Amino acid sequence: MEQSAVFWLSLIVFLPALGALALVAIPKDKPDIIKLVSLLTTAAVFAITCGVAFGGLGAEVHFQKGVATMQDAFTVPWIPSFNIYYFMGMDGISFTLVMLTAFVTMLSMGASWNIEKHVKAYCILFLLLETGMLGVFLALDFFLFYVFWEVMLLPMYFLIGVWGGPRREYAAIKFFLYTLLGSVFMLIAILMLYFNSDLRVLAEQDGFSPAIEGSKWEQLHIDDEATQRVQNGGSDQIHTFNILALAAMGQHTARFDGEMLWGKSLQWWAFLLLFVGFIIKVPAVPVHTWLPDAHVEAPTPISMILAGILLKMGGYGIIRICYPICPDAGFDLAWLVTTIGVLSMIYGAFAAMAQKDFKRLVAYSSVSHMGYVLLGIGVWSAWSGTNYNAEYWQMGMNGAMFQMIAHGISSPGMFFMVGIIYDRVHHRNLDEFGGLFAKSPVYSGIAFGIFFAGLGLPGLCGFIGEVFVTLSVWNFSHALAILSAATVILTAGYILWTLQRVYLGPEYKGPHGDHITPITGRELAIGAPLLAMCIVFGVFPKLIFDYMTPSVNKEVSELAVWTKNVKQPRLLEEGFDRQEERETDDMIGQVSQAR
Amino acid sequence: MNETLAASLPTLLGIAWLLPLVSFTLIVLFGPRMGKHGIGAAYLATLAIVVGFLCSAIALGMWVSVHPLSPAHAAAEEHAIDVGREHEAGAAEHGHEDLKAPNYYAGDLYTLGQFGKLKVTIGYYIDALTVGMFAMVTLIASCIHFYAIGYMHDELHDVTDHEVVLSDGHHLHRPGRFHRFFQYLSLFCFSMLGLVYAGNIAMVFVFWELVGICSYFLIGFYIERKSASNAANKAFIVNRVGDFGMIIGLMALWAGLGTFAFGDTQEADGSISHGIFSQVRGADSHYELTVPDGMVRAAAYQMVSEVSVDHRRNPDPLAAESEIAARVPNYRAQHYGYWLLVVAGVGIFCGCVGKSAQFPLHVWLPDAMEGPTPVSALVHSATMVAAGVYLAGRFYPVFTPEARLVIAYTGGITLFLAATIAITATDIKRVLAYSTVSQLGYMMLALGVGGWVAGLFHLITHAFFKSLLFLCSGSVIHACHTNEMPNMGGLLKKMPWTGWTMLVGCLAIIGAGLPPVFPFWPFGFGLSGFYSKDSIIAQAYSFWTANPTHGMILFAAAAGGASMTAFYMFRLWFMTFIGPPRDHHIYDHAHESPRIMYVPLVILATFAVVIGWTLSGVWSVTDLLEQARWPGEAGEGVLLPNLVYPNEHVSHEPAVHLIAGLTAFSTALGGVLLAFVFYGARWLNPAEARQQFAPIYTFLLNKWYFDELYQVLFVRPVHFVAAIVAWFDKQVIDGLIHNLARWTRGVAEIDDLIDRYFVDGFVNLFAAWTWSLGNSLRGMQTGKLRQYVMLIVIGTVALAVIVNFASAQ
């Protein structure tokens, strides 16, 4: 079983890289063949992910819907002296994002057809980028994760910096430096966690004993050799990069609780460093300003990838890494996560309203929509005042995950719609459009559908994520709930105003009016599937929830249990309980009995 | 519950609901290729809605045969009157065992998402109100589809839009969009029926937004006109403001109840999951308003927290839960969570305010008249805007008395405000639009003062006569090519069908009829509006008797509004159809509309007359609605303890009814007479009156300056904040980044200088020394062998001497 998992998962990740290798052999005066090979490669990756989803590749790697734990996971030694493994696997959280990545990348490769400059280099970088993205979602070893994270960065830098618009160099370096800053923070946090981890301590916890069959140890997919070392004992600490093991340590041991700096614990700092690294990617206010520039300058297909997938890595990182590994910090900083989420929603919407550049507007709408993700992740509403009821938080986190998928479809769609008209008239000034509906009705119809998905219209994918997140917030904070609800007005405002300026009206007002031709077959083949997905997921969101909900619920339930068993006693000890200060446990009973 | 109905109603109504969706999808895909110029689209859409009407009619028939329309409440009525009297005496005892929840059929079709016990579904809730609404909506929609085939025929060929001037000075010339109109109309029917079919409030919200977007498309049907797209945007955004409140209500409900379902449904495992209604007004509490457990717990979270902290070491995981549950009644008795119920009710009502164009969100509806007239008739008078009233009625069991008072005042203000504006408007459709706003205010007022049946009854009757009035106005516009009434006049001769049916509509809306002054006919006799308006005024009066201050204000609004309605409606009719023609060019070209347009008028006029009549056991809208009433609507406020709601049956008492009838009759008569004096007989000149009351007239003509006010209060500030945010982004955040980059580069340059002048300087200095040393030594490099030998000799001798001295010491 493990053999076939190793093969197929590695193939998913490295097939694009192999494709890039193959492109080297093709002479560069045959751009069409190069594009075709690239497209076929991305299509093959998508086909494999579909095979995993629907069981076409045999039962061994068939992704099971109702299972919450990691599937198809395997561990192969890579750099054993530093406990680094080639460790991959997927659960509902990552698998849906892998599907999204394969799908959007394939469509953006299709959208790359009118790239004419250095086609060969473009395609090679594009495919390497895909390898990096898929690797990030599948890696479960923190070091491997970091490597893929960096692998993704460079192709993106060149794709923006070489194939972009007039200010491409500025945008590319801005993107690069911002992201690199995040990476550096992440690296520090990784090392902090690594050097404080100890598998031997974890093995002593209840239910984690490696000696017992069927213990939770097995779910961590620790390599046999490492397990052996743990069982042998010894005085040396056994560090690990295993994300699952780190999470177990964060929730079941006190390894990361030691004070580090200014009275804050190690995990508090680790959380903050990781969080900053991830929200740069999301991006959230105030570290979002690379996004509008990168989007405006990047060519259309790269904008699609950027909006569709790269932004999701931030949310994915917070769900997969920040919260499980550093729950204590997550609990204490829940206000920060949610506040930044709501701030991004409102700030992004306002900023979008003021834009004159079509693409910049869509970029700011991404900031606003991704704010929902942070908000949904952060609504830690399982605490003593709700008797540790985790259902609303489950809803919030599921909504956040759904919002990532939904945004991953609608946002590339929006950028593609901008790209279609930009290809024809070579400007993006919102005040110089108008009347496109009459000139190009099919294109305009698809654009309306996709923009309405962004607006959160029911029946389209944007609605489900937004509403589920918003509904879950009330139990966490009334004020944030009301603010998040207010965003619907702003969103309607800027999207409808944009549609009016671009598509409605009697006539086109800008230059090159005679170049506006109806949508081509290739463009239709990219736009229509995106719209179709918007509708399908808007009407049958369960298609996605069936995959992701078990895994998300598992994570949230574990954190709720942790709140009850670990955090609550800790709060009482510190005398910071939300209601009153108490000295000892015995008194509490008396007080409430007296009531 | 009846097995046959439980099996067949969801299917029948489901078919009626989904057929327009099928039609919409087909028209989207194949619209332009359907027949000549897409005329097939109209036939398809009309077929879909007519079949939908047949299904609804069958469903209604089945419903009535199982749940007969007997005046079953007659027996309960006397009892209820007693209850009402008890209320007046201040006793709030509810000992009635015969109360029972209405018959309904509820279930789920499929699940959108489920998290633990929380479940968001697509389902249905069918009761007498649903069935009645289905029949009403599909009937009116069918009439309007037929009418629109005639009205929209211009769109079958190329159109020259005279309202749009291009940059080259020509009028816009564009291909017709016949099929697209019917495409939107079908989508609208689907959405509207889905809203009525909905089994939970989340699904209502889904279709709520969808009807909103249909309205957006239909208002902006003439996409080339700036005014149309502005009006469409305005409609949608103003509605979103209402939705903002509605979402807050939804959140409060969802957090408190953990369900959105209206009724109880059976789960797959056979257990019953309780819906909103039975949680808020359960049979256990005799349908008294009860704050649901979840809200109590949410408000009493401090105590809940203590209990769960106490029990956190308890090995029994359910112990904390059961102790909390045991304490909840105690918290509830202290009114914990009551305010959450108020927030939920008022929040949901905010959505209704937006959709039903109530004050202060009424501003979008008059602008919505930019759409083609059939749309105004169907969407913006009869059905969609009534959805707000429908939801307020549907959600009635959840409203606390405080929330109802909010509803009553909103309705009262709206009906007065809109009626005053309608008096001065000259655009025929705008008069009707303001009249719609005003009538919707009536319905809200009725619901707010406890008249559940009265409000929804008026919703049904209004749908018929208002759609009739709009279609008539459309017929007039079709003939005159103008909306301005001052250019019309004397059209009755030219357009008899339109004129007379419109008169029926006017009589219906003012509630023309004989009040119940004759002892042998205790209900009076009149057109449909007579019955519904009378019952509203009667309810307002009954409310007045229980609440002196609030009641007086609201009753005055209702009565005053009635007389203004009569005035502006007859002003409209007289100006359009009576007297000498004011513009002969228009008059000469005016003609009666084709049969496909006036036959629907006649059908609607017939219903406008008879829909309010009662034929015991056969035909009675009130008896039908009565079957859907959730019991226990009487009660007192908690936050406002003086607020008392009497039972609605009190308003059927002859004494109350007589006073109400006389009030309605006299006010309406006064209004009609005034209109006759000014516009019918023209004994007085309206221009003089206008001059005399110039400030008021200007104020009303400018619609109380609401648009200007909102522009200053909201629109401009939003754009201002947006500009600030964009500036902040560019200057502050990016400025910071750029400065950081600049500093970094500055540091790099300093670093470079240090490198160049200090480190390199040192190295260079060293090199220079070495070089100069070498250079100075170069002088010795002469290449002369003798010199070298001599130097070697001197060196060797010197070395020998030194070594010798050194060793000697």
# chains A, B, ... in the order shown; residues from 1 in each chain; ligands from 1
>>> interface_residues(of="chain A", to="chain B", cutoff="6 Å", atoms="only C-alpha atoms", output="list in words")
Phe350, Ala351, Met353, Ala354, Ser384, Gly385, Asn387, Glu391, Pro458, Leu471, Trp474, Ala485, Ala486, Ile489, Leu504, Gly505, Pro506, Pro541, Lys542 and Gly589 of chain A
>>> atom_distance(atom1="atom CA of Tyr434 of chain B", atom2="atom CA of Gly371 of chain B")
15.5 Å
>>> closest_atom_pairs(of="segment 283-332 of chain B", to="segment 627-649 of chain B", cutoff="9 Å", atoms="only C-alpha atoms", output="Markdown table")
| residue | atom | partner | partner_atom | distance |
| --- | --- | --- | --- | --- |
| B:His286 | CA | B:Gly632 | CA | 7.6 |
| B:Tyr287 | CA | B:Gly632 | CA | 5.3 |
| B:Glu288 | CA | B:Gly632 | CA | 5.8 |
| B:Leu289 | CA | B:Gly632 | CA | 7.8 |
>>> write_last_selection(atoms="N, CA and C atoms", output="PDB file, in the first residue's frame")
ATOM      1  N   HIS B 286     -47.963  26.072  25.988  1.00  0.00           N
ATOM      2  CA  HIS B 286     -49.251  26.589  25.516  1.00  0.00           C
ATOM      3  C   HIS B 286     -49.073  27.679  24.480  1.00  0.00           C
ATOM      4  N   TYR B 287     -48.066  27.528  23.633  1.00  0.00           N
ATOM      5  CA  TYR B 287     -47.806  28.466  22.539  1.00  0.00           C
ATOM      6  C   TYR B 287     -47.498  29.867  23.023  1.00  0.00           C
ATOM      7  N   GLU B 288     -47.168  29.974  24.290  1.00  0.00           N
ATOM      8  CA  GLU B 288     -46.685  31.261  24.795  1.00  0.00           C
ATOM      9  C   GLU B 288     -45.265  31.464  24.277  1.00  0.00           C
ATOM     10  N   LEU B 289     -44.897  32.711  24.089  1.00  0.00           N
ATOM     11  CA  LEU B 289     -43.546  33.012  23.643  1.00  0.00           C
ATOM     12  C   LEU B 289     -42.540  32.582  24.711  1.00  0.00           C
TER      13      LEU B 289
END
>>> atom_distance(atom1="atom CA of Val621 of chain B", atom2="atom CA of Pro374 of chain B")
25.4 Å
>>> closest_residue(among="B:Ala377, B:Leu156, B:Ala433, B:Leu13", to="Lys36 of chain B", atoms="only C-alpha atoms")
B:Leu156
